[in-house]
$ cat final-v8.pdb   # PDB, N, CA and C atoms
MODEL        1
ATOM      1  N   MET A   1     168.233  58.347 134.815
ATOM      2  CA  MET A   1     169.374  58.963 134.188
ATOM      3  C   MET A   1     170.560  57.993 134.277
ATOM      4  N   SER A   2     171.257  57.820 133.178
ATOM      5  CA  SER A   2     172.357  56.868 133.102
ATOM      6  C   SER A   2     173.689  57.543 133.413
ATOM      7  N   ASP A   3     174.540  56.813 134.119
ATOM      8  CA  ASP A   3     175.871  57.317 134.436
ATOM      9  C   ASP A   3     176.937  56.633 133.586
ATOM     10  N   THR A   4     176.600  56.248 132.365
ATOM     11  CA  THR A   4     177.567  55.577 131.512
ATOM     12  C   THR A   4     178.639  56.559 131.043
ATOM     13  N   ILE A   5     179.798  56.009 130.811
ATOM     14  CA  ILE A   5     180.939  56.780 130.330
ATOM     15  C   ILE A   5     181.404  56.160 129.030
ATOM     16  N   ASN A   6     181.685  56.975 128.063
ATOM     17  CA  ASN A   6     182.230  56.492 126.794
ATOM     18  C   ASN A   6     183.728  56.737 126.764
ATOM     19  N   SER A   7     184.446  55.768 126.262
ATOM     20  CA  SER A   7     185.885  55.881 126.102
ATOM     21  C   SER A   7     186.219  55.444 124.685
ATOM     22  N   GLU A   8     187.226  56.052 124.098
ATOM     23  CA  GLU A   8     187.524  55.787 122.698
ATOM     24  C   GLU A   8     189.007  55.505 122.519
ATOM     25  N   ILE A   9     189.287  54.502 121.709
ATOM     26  CA  ILE A   9     190.656  54.198 121.287
ATOM     27  C   ILE A   9     190.668  54.326 119.772
ATOM     28  N   LYS A  10     191.612  55.097 119.250
ATOM     29  CA  LYS A  10     191.691  55.329 117.806
ATOM     30  C   LYS A  10     193.014  54.800 117.267
ATOM     31  N   PHE A  11     192.944  54.198 116.080
ATOM     32  CA  PHE A  11     194.123  53.760 115.360
ATOM     33  C   PHE A  11     194.201  54.535 114.059
ATOM     34  N   ASN A  12     195.385  55.010 113.721
ATOM     35  CA  ASN A  12     195.597  55.672 112.444
ATOM     36  C   ASN A  12     196.646  54.869 111.681
ATOM     37  N   ILE A  13     196.312  54.497 110.450
ATOM     38  CA  ILE A  13     197.200  53.678 109.638
ATOM     39  C   ILE A  13     197.542  54.434 108.373
ATOM     40  N   GLU A  14     198.818  54.741 108.190
ATOM     41  CA  GLU A  14     199.294  55.377 106.964
ATOM     42  C   GLU A  14     199.785  54.286 106.036
ATOM     43  N   LEU A  15     199.238  54.248 104.809
ATOM     44  CA  LEU A  15     199.550  53.214 103.838
ATOM     45  C   LEU A  15     200.387  53.753 102.693
ATOM     46  N   ASP A  16     201.211  52.872 102.102
ATOM     47  CA  ASP A  16     201.935  53.270 100.895
ATOM     48  C   ASP A  16     201.017  53.070  99.689
ATOM     49  N   GLY A  17     201.526  53.249  98.497
ATOM     50  CA  GLY A  17     200.713  53.124  97.279
ATOM     51  C   GLY A  17     200.147  51.736  97.065
ATOM     52  N   ASN A  18     200.768  50.721  97.666
ATOM     53  CA  ASN A  18     200.280  49.341  97.563
ATOM     54  C   ASN A  18     199.402  48.950  98.749
ATOM     55  N   ARG A  19     199.036  49.925  99.560
ATOM     56  CA  ARG A  19     198.179  49.748 100.743
ATOM     57  C   ARG A  19     198.844  48.900 101.833
ATOM     58  N   VAL A  20     200.181  48.987 101.888
ATOM     59  CA  VAL A  20     200.954  48.331 102.941
ATOM     60  C   VAL A  20     201.213  49.368 104.032
ATOM     61  N   PRO A  21     200.955  49.024 105.296
ATOM     62  CA  PRO A  21     201.167  50.002 106.374
ATOM     63  C   PRO A  21     202.616  50.503 106.458
ATOM     64  N   GLU A  22     202.746  51.814 106.456
ATOM     65  CA  GLU A  22     204.051  52.447 106.647
ATOM     66  C   GLU A  22     204.199  52.988 108.062
ATOM     67  N   LYS A  23     203.076  53.445 108.637
ATOM     68  CA  LYS A  23     203.111  54.028 109.973
ATOM     69  C   LYS A  23     201.799  53.726 110.684
ATOM     70  N   LEU A  24     201.919  53.295 111.929
ATOM     71  CA  LEU A  24     200.756  53.034 112.770
ATOM     72  C   LEU A  24     200.854  53.919 114.001
ATOM     73  N   THR A  25     199.771  54.597 114.335
ATOM     74  CA  THR A  25     199.714  55.355 115.579
ATOM     75  C   THR A  25     198.386  55.065 116.255
ATOM     76  N   TRP A  26     198.373  55.238 117.579
ATOM     77  CA  TRP A  26     197.138  55.017 118.322
ATOM     78  C   TRP A  26     196.989  56.081 119.393
ATOM     79  N   THR A  27     195.736  56.350 119.716
ATOM     80  CA  THR A  27     195.387  57.360 120.702
ATOM     81  C   THR A  27     194.339  56.787 121.651
ATOM     82  N   ALA A  28     194.584  56.965 122.944
ATOM     83  CA  ALA A  28     193.617  56.584 123.986
ATOM     84  C   ALA A  28     193.683  57.691 125.036
ATOM     85  N   GLN A  29     192.883  58.711 124.845
ATOM     86  CA  GLN A  29     192.971  59.887 125.705
ATOM     87  C   GLN A  29     192.758  59.555 127.173
ATOM     88  N   ASP A  30     191.861  58.611 127.477
ATOM     89  CA  ASP A  30     191.640  58.234 128.873
ATOM     90  C   ASP A  30     192.892  57.645 129.509
ATOM     91  N   GLY A  31     193.748  57.059 128.681
ATOM     92  CA  GLY A  31     194.982  56.466 129.178
ATOM     93  C   GLY A  31     196.184  57.378 129.024
ATOM     94  N   GLY A  32     195.949  58.586 128.569
ATOM     95  CA  GLY A  32     197.047  59.536 128.411
ATOM     96  C   GLY A  32     197.928  59.266 127.196
ATOM     97  N   VAL A  33     197.389  58.566 126.194
ATOM     98  CA  VAL A  33     198.154  58.230 124.993
ATOM     99  C   VAL A  33     197.658  59.091 123.842
ATOM    100  N   GLU A  34     198.573  59.770 123.185
ATOM    101  CA  GLU A  34     198.208  60.655 122.078
ATOM    102  C   GLU A  34     199.136  60.388 120.894
ATOM    103  N   ALA A  35     198.584  59.810 119.831
ATOM    104  CA  ALA A  35     199.309  59.536 118.586
ATOM    105  C   ALA A  35     200.642  58.833 118.844
ATOM    106  N   GLU A  36     200.582  57.785 119.663
ATOM    107  CA  GLU A  36     201.782  56.996 119.983
ATOM    108  C   GLU A  36     202.071  56.042 118.824
ATOM    109  N   GLU A  37     203.325  56.018 118.390
ATOM    110  CA  GLU A  37     203.686  55.158 117.260
ATOM    111  C   GLU A  37     203.813  53.703 117.701
ATOM    112  N   ALA A  38     203.408  52.815 116.797
ATOM    113  CA  ALA A  38     203.521  51.373 117.018
ATOM    114  C   ALA A  38     204.011  50.736 115.726
ATOM    115  N   LYS A  39     204.579  49.552 115.835
ATOM    116  CA  LYS A  39     205.030  48.820 114.650
ATOM    117  C   LYS A  39     204.067  47.704 114.274
ATOM    118  N   ALA A  40     203.198  47.295 115.218
ATOM    119  CA  ALA A  40     202.250  46.213 114.933
ATOM    120  C   ALA A  40     201.014  46.355 115.817
ATOM    121  N   ILE A  41     199.894  45.856 115.284
ATOM    122  CA  ILE A  41     198.625  45.845 116.010
ATOM    123  C   ILE A  41     197.943  44.512 115.727
ATOM    124  N   MET A  42     197.475  43.851 116.782
ATOM    125  CA  MET A  42     196.619  42.670 116.630
ATOM    126  C   MET A  42     195.368  42.945 117.448
ATOM    127  N   LEU A  43     194.243  42.967 116.788
ATOM    128  CA  LEU A  43     192.976  43.282 117.441
ATOM    129  C   LEU A  43     191.974  42.170 117.137
ATOM    130  N   SER A  44     191.370  41.614 118.168
ATOM    131  CA  SER A  44     190.347  40.584 118.013
ATOM    132  C   SER A  44     189.032  41.127 118.535
ATOM    133  N   ILE A  45     187.968  40.892 117.785
ATOM    134  CA  ILE A  45     186.640  41.377 118.145
ATOM    135  C   ILE A  45     185.663  40.206 118.057
ATOM    136  N   TRP A  46     184.933  39.946 119.133
ATOM    137  CA  TRP A  46     183.989  38.837 119.161
ATOM    138  C   TRP A  46     182.637  39.265 118.611
ATOM    139  N   ASP A  47     182.177  38.562 117.580
ATOM    140  CA  ASP A  47     180.848  38.772 117.005
ATOM    141  C   ASP A  47     179.943  37.698 117.603
ATOM    142  N   SER A  48     179.142  38.064 118.604
ATOM    143  CA  SER A  48     178.331  37.067 119.309
ATOM    144  C   SER A  48     177.186  36.532 118.452
ATOM    145  N   LYS A  49     176.733  37.299 117.485
ATOM    146  CA  LYS A  49     175.669  36.802 116.608
ATOM    147  C   LYS A  49     176.174  35.683 115.712
ATOM    148  N   ALA A  50     177.342  35.885 115.117
ATOM    149  CA  ALA A  50     177.909  34.884 114.215
ATOM    150  C   ALA A  50     178.746  33.850 114.965
ATOM    151  N   LYS A  51     178.999  34.105 116.256
ATOM    152  CA  LYS A  51     179.839  33.225 117.083
ATOM    153  C   LYS A  51     181.217  33.019 116.440
ATOM    154  N   GLU A  52     181.825  34.144 116.055
ATOM    155  CA  GLU A  52     183.153  34.063 115.458
ATOM    156  C   GLU A  52     183.957  35.317 115.785
ATOM    157  N   THR A  53     185.247  35.158 115.654
ATOM    158  CA  THR A  53     186.169  36.254 115.940
ATOM    159  C   THR A  53     186.547  36.956 114.651
ATOM    160  N   MET A  54     186.426  38.272 114.679
ATOM    161  CA  MET A  54     186.924  39.097 113.577
ATOM    162  C   MET A  54     188.282  39.627 114.011
ATOM    163  N   ARG A  55     189.202  39.741 113.067
ATOM    164  CA  ARG A  55     190.560  40.144 113.436
ATOM    165  C   ARG A  55     191.076  41.229 112.519
ATOM    166  N   ILE A  56     191.931  42.045 113.107
ATOM    167  CA  ILE A  56     192.708  43.014 112.352
ATOM    168  C   ILE A  56     194.152  42.815 112.797
ATOM    169  N   ASP A  57     194.989  42.364 111.882
ATOM    170  CA  ASP A  57     196.408  42.171 112.150
ATOM    171  C   ASP A  57     197.189  43.049 111.174
ATOM    172  N   LEU A  58     197.875  44.025 111.708
ATOM    173  CA  LEU A  58     198.641  44.957 110.872
ATOM    174  C   LEU A  58     200.042  45.116 111.439
ATOM    175  N   TRP A  59     201.012  45.267 110.559
ATOM    176  CA  TRP A  59     202.366  45.620 110.972
ATOM    177  C   TRP A  59     203.005  46.418 109.860
ATOM    178  N   THR A  60     203.898  47.310 110.251
ATOM    179  CA  THR A  60     204.561  48.162 109.275
ATOM    180  C   THR A  60     205.606  47.356 108.519
ATOM    181  N   LYS A  61     205.921  47.819 107.319
ATOM    182  CA  LYS A  61     206.874  47.074 106.507
ATOM    183  C   LYS A  61     208.289  47.118 107.079
ATOM    184  N   ASP A  62     208.534  48.019 108.026
ATOM    185  CA  ASP A  62     209.863  48.057 108.648
ATOM    186  C   ASP A  62     209.888  47.392 110.027
ATOM    187  N   MET A  63     208.840  46.602 110.351
ATOM    188  CA  MET A  63     208.814  45.850 111.609
ATOM    189  C   MET A  63     209.859  44.741 111.511
ATOM    190  N   PRO A  64     210.878  44.752 112.377
ATOM    191  CA  PRO A  64     211.907  43.712 112.322
ATOM    192  C   PRO A  64     211.338  42.339 112.713
ATOM    193  N   VAL A  65     211.776  41.302 112.035
ATOM    194  CA  VAL A  65     211.285  39.952 112.291
ATOM    195  C   VAL A  65     211.593  39.527 113.721
ATOM    196  N   ASP A  66     212.758  39.881 114.242
ATOM    197  CA  ASP A  66     213.083  39.487 115.620
ATOM    198  C   ASP A  66     212.125  40.143 116.618
ATOM    199  N   GLU A  67     211.719  41.382 116.356
ATOM    200  CA  GLU A  67     210.741  42.039 117.219
ATOM    201  C   GLU A  67     209.352  41.426 117.042
ATOM    202  N   MET A  68     209.015  40.974 115.829
ATOM    203  CA  MET A  68     207.718  40.330 115.593
ATOM    204  C   MET A  68     207.631  39.041 116.405
ATOM    205  N   LYS A  69     208.710  38.302 116.487
ATOM    206  CA  LYS A  69     208.717  37.064 117.274
ATOM    207  C   LYS A  69     208.490  37.371 118.752
ATOM    208  N   ILE A  70     209.118  38.412 119.263
ATOM    209  CA  ILE A  70     208.925  38.827 120.661
ATOM    210  C   ILE A  70     207.489  39.303 120.872
ATOM    211  N   PHE A  71     206.977  40.074 119.922
ATOM    212  CA  PHE A  71     205.601  40.577 119.990
ATOM    213  C   PHE A  71     204.611  39.412 120.075
ATOM    214  N   PHE A  72     204.799  38.393 119.233
ATOM    215  CA  PHE A  72     203.919  37.229 119.274
ATOM    216  C   PHE A  72     204.023  36.511 120.615
ATOM    217  N   HIS A  73     205.240  36.320 121.100
ATOM    218  CA  HIS A  73     205.415  35.624 122.381
ATOM    219  C   HIS A  73     204.716  36.386 123.504
ATOM    220  N   GLN A  74     204.952  37.678 123.591
ATOM    221  CA  GLN A  74     204.330  38.468 124.655
ATOM    222  C   GLN A  74     202.810  38.484 124.520
ATOM    223  N   THR A  75     202.304  38.469 123.292
ATOM    224  CA  THR A  75     200.858  38.427 123.071
ATOM    225  C   THR A  75     200.288  37.093 123.529
ATOM    226  N   LEU A  76     200.981  35.999 123.237
ATOM    227  CA  LEU A  76     200.521  34.682 123.683
ATOM    228  C   LEU A  76     200.504  34.588 125.209
ATOM    229  N   VAL A  77     201.543  35.118 125.863
ATOM    230  CA  VAL A  77     201.583  35.123 127.331
ATOM    231  C   VAL A  77     200.415  35.944 127.884
ATOM    232  N   ALA A  78     200.184  37.112 127.294
ATOM    233  CA  ALA A  78     199.077  37.965 127.746
ATOM    234  C   ALA A  78     197.732  37.271 127.532
ATOM    235  N   MET A  79     197.589  36.548 126.434
ATOM    236  CA  MET A  79     196.333  35.824 126.175
ATOM    237  C   MET A  79     196.110  34.739 127.213
ATOM    238  N   SER A  80     197.164  34.059 127.636
ATOM    239  CA  SER A  80     196.989  33.030 128.660
ATOM    240  C   SER A  80     196.586  33.663 129.992
ATOM    241  N   ASP A  81     197.154  34.829 130.323
ATOM    242  CA  ASP A  81     196.755  35.546 131.540
ATOM    243  C   ASP A  81     195.292  35.985 131.452
ATOM    244  N   THR A  82     194.911  36.514 130.312
ATOM    245  CA  THR A  82     193.531  36.963 130.115
ATOM    246  C   THR A  82     192.565  35.780 130.169
ATOM    247  N   PHE A  83     192.959  34.659 129.570
ATOM    248  CA  PHE A  83     192.124  33.461 129.610
ATOM    249  C   PHE A  83     191.867  33.031 131.051
ATOM    250  N   LYS A  84     192.909  33.065 131.870
ATOM    251  CA  LYS A  84     192.782  32.690 133.289
ATOM    252  C   LYS A  84     191.799  33.622 134.003
ATOM    253  N   ARG A  85     191.975  34.926 133.812
ATOM    254  CA  ARG A  85     191.084  35.895 134.473
ATOM    255  C   ARG A  85     189.645  35.770 133.985
ATOM    256  N   ALA A  86     189.462  35.492 132.687
ATOM    257  CA  ALA A  86     188.116  35.455 132.107
ATOM    258  C   ALA A  86     187.364  34.167 132.409
ATOM    259  N   THR A  87     188.099  33.058 132.567
ATOM    260  CA  THR A  87     187.432  31.763 132.717
ATOM    261  C   THR A  87     187.695  31.089 134.060
ATOM    262  N   ASP A  88     188.704  31.545 134.774
ATOM    263  CA  ASP A  88     189.160  30.924 136.022
ATOM    264  C   ASP A  88     189.571  29.456 135.811
ATOM    265  N   ASP A  89     189.971  29.138 134.573
ATOM    266  CA  ASP A  89     190.426  27.788 134.231
ATOM    267  C   ASP A  89     191.950  27.759 134.347
ATOM    268  N   GLU A  90     192.408  27.523 135.561
ATOM    269  CA  GLU A  90     193.836  27.577 135.837
ATOM    270  C   GLU A  90     194.610  26.477 135.110
ATOM    271  N   LYS A  91     194.026  25.296 135.005
ATOM    272  CA  LYS A  91     194.706  24.173 134.355
ATOM    273  C   LYS A  91     195.002  24.487 132.887
ATOM    274  N   MET A  92     194.021  25.002 132.171
ATOM    275  CA  MET A  92     194.239  25.325 130.762
ATOM    276  C   MET A  92     195.166  26.528 130.619
ATOM    277  N   ALA A  93     195.055  27.493 131.511
ATOM    278  CA  ALA A  93     195.960  28.647 131.461
ATOM    279  C   ALA A  93     197.402  28.192 131.658
ATOM    280  N   ASP A  94     197.611  27.249 132.564
ATOM    281  CA  ASP A  94     198.959  26.706 132.772
ATOM    282  C   ASP A  94     199.444  25.966 131.532
ATOM    283  N   THR A  95     198.556  25.256 130.869
ATOM    284  CA  THR A  95     198.911  24.561 129.623
ATOM    285  C   THR A  95     199.309  25.570 128.552
ATOM    286  N   MET A  96     198.562  26.657 128.481
ATOM    287  CA  MET A  96     198.888  27.713 127.522
ATOM    288  C   MET A  96     200.256  28.315 127.837
ATOM    289  N   LYS A  97     200.541  28.528 129.119
ATOM    290  CA  LYS A  97     201.854  29.073 129.528
ATOM    291  C   LYS A  97     202.976  28.100 129.160
ATOM    292  N   ASP A  98     202.713  26.801 129.304
ATOM    293  CA  ASP A  98     203.708  25.804 128.902
ATOM    294  C   ASP A  98     204.029  25.952 127.415
ATOM    295  N   PHE A  99     202.979  26.157 126.613
ATOM    296  CA  PHE A  99     203.216  26.371 125.186
ATOM    297  C   PHE A  99     204.029  27.644 124.949
ATOM    298  N   CYS A 100     203.730  28.696 125.699
ATOM    299  CA  CYS A 100     204.480  29.954 125.567
ATOM    300  C   CYS A 100     205.959  29.729 125.858
ATOM    301  N   ASP A 101     206.247  28.929 126.881
ATOM    302  CA  ASP A 101     207.640  28.600 127.206
ATOM    303  C   ASP A 101     208.290  27.836 126.056
ATOM    304  N   TYR A 102     207.562  26.869 125.495
ATOM    305  CA  TYR A 102     208.051  26.087 124.355
ATOM    306  C   TYR A 102     208.307  26.998 123.152
ATOM    307  N   PHE A 103     207.360  27.884 122.881
ATOM    308  CA  PHE A 103     207.464  28.841 121.777
ATOM    309  C   PHE A 103     208.730  29.693 121.928
ATOM    310  N   ALA A 104     208.949  30.221 123.137
ATOM    311  CA  ALA A 104     210.119  31.059 123.401
ATOM    312  C   ALA A 104     211.415  30.255 123.249
ATOM    313  N   GLU A 105     211.391  29.028 123.722
ATOM    314  CA  GLU A 105     212.584  28.181 123.617
ATOM    315  C   GLU A 105     212.926  27.902 122.153
ATOM    316  N   LYS A 106     211.923  27.531 121.360
ATOM    317  CA  LYS A 106     212.159  27.202 119.952
ATOM    318  C   LYS A 106     212.618  28.417 119.145
ATOM    319  N   LEU A 107     212.164  29.600 119.535
ATOM    320  CA  LEU A 107     212.590  30.826 118.838
ATOM    321  C   LEU A 107     213.835  31.436 119.492
ATOM    322  N   GLU A 108     214.334  30.748 120.516
ATOM    323  CA  GLU A 108     215.522  31.210 121.240
ATOM    324  C   GLU A 108     215.330  32.621 121.800
ATOM    325  N   LEU A 109     214.146  32.845 122.386
ATOM    326  CA  LEU A 109     213.830  34.144 122.977
ATOM    327  C   LEU A 109     214.229  34.202 124.450
ATOM    328  N   THR A 110     214.447  33.036 125.064
ATOM    329  CA  THR A 110     214.796  33.003 126.472
ATOM    330  C   THR A 110     216.246  33.428 126.654
ATOM    331  N   LYS A 111     216.496  34.079 127.779
ATOM    332  CA  LYS A 111     217.836  34.602 128.046
ATOM    333  C   LYS A 111     218.643  33.649 128.871
TER     334      LYS A 111
ENDMDL
END

$ encode --input "final-v8.pdb" --output "structure tokens"
Amino acid sequence: MSDTINSEIKFNIELDGNRVPEKLTWTAQDGGVEAEEAKAIMLSIWDSKAKETMRIDLWTKDMPVDEMKIFFHQTLVAMSDTFKRATDDEKMADTMKDFCDYFAEKLELTK
């Protein structure tokens, strides 16, 4: 008998007549999230058979550009942290963090 547990994350995307996202919401009941609104979603899925990444990148038409820049920076920082945990390659993770610092500096995101 298996003791596996299933968990589900749902995304709901409301589109305008031109199929441009107007509203994004997500639900993760295990995490206590129910129809929480978001302005952008970036999802990467690894296809091991094709050895390639499939992506879904969505943002609402009212997502401010300044917030998109912050979103990208925070995503890059999170990716470097995840890379470190997944590969234990501290040298490359540090290199990625250096790029994140450069990215933030060039976009004037640093305080």

$ atom_distance --input "final-v8.pdb" --atom1 "atom C of Gly31 in chain A" --atom2 "CA of Phe71 in chain A"
21.3 Å

$ residues_around --input "final-v8.pdb" --residues "Ile13 in chain A" --least-positions-apart "6" --cutoff "8 Å" --atoms "only C-alpha atoms" --output "NGL selection string"
:A and (21-25)

$ closest_residue --input "final-v8.pdb" --among "A:Leu43, A:Met96, A:Ala35, A:Ile9" --to "Leu76 in chain A" --atoms "all atoms listed in the file"
A:Met96

$ closest_residue --input "final-v8.pdb" --among "A:Ser44, A:Val33, A:Lys51, A:Trp59" --to "Val20 in chain A" --atoms "only C-alpha atoms"
A:Trp59

$ atom_distance --input "final-v8.pdb" --atom1 "atom C of Asp98 in chain A" --atom2 "atom C of Asp47 in chain A"
28.5 Å

$ decode --input "final-v8.pdb" --residues "range 12-35 of chain A" --atoms "C-alpha atoms" --output "JSON list (two decimals), in the first residue's frame"
[["chain", "number", "residue", "atom", "x", "y", "z"],
["A", 12, "ASN", "CA", -6.63, 30.76, -13.45],
["A", 13, "ILE", "CA", -6.04, 33.21, -16.29],
["A", 14, "GLU", "CA", -8.74, 35.64, -17.39],
["A", 15, "LEU", "CA", -8.11, 36.89, -20.94],
["A", 16, "ASP", "CA", -9.44, 39.87, -22.86],
["A", 17, "GLY", "CA", -10.82, 39.55, -26.41],
["A", 18, "ASN", "CA", -7.26, 39.54, -27.80],
["A", 19, "ARG", "CA", -6.25, 36.72, -25.41],
["A", 20, "VAL", "CA", -4.08, 39.07, -23.32],
["A", 21, "PRO", "CA", -4.15, 38.26, -19.58],
["A", 22, "GLU", "CA", -6.30, 40.67, -17.60],
["A", 23, "LYS", "CA", -6.31, 38.79, -14.29],
["A", 24, "LEU", "CA", -4.19, 36.00, -12.87],
["A", 25, "THR", "CA", -5.09, 34.04, -9.74],
["A", 26, "TRP", "CA", -3.58, 30.96, -8.16],
["A", 27, "THR", "CA", -4.67, 28.43, -5.59],
["A", 28, "ALA", "CA", -2.55, 26.05, -3.49],
["A", 29, "GLN", "CA", -4.81, 24.61, -0.82],
["A", 30, "ASP", "CA", -1.95, 22.80, 0.93],
["A", 31, "GLY", "CA", -0.27, 26.18, 1.37],
["A", 32, "GLY", "CA", -3.41, 27.96, 2.48],
["A", 33, "VAL", "CA", -3.69, 29.99, -0.75],
["A", 34, "GLU", "CA", -7.12, 30.41, -2.31],
["A", 35, "ALA", "CA", -7.60, 32.43, -5.53]]
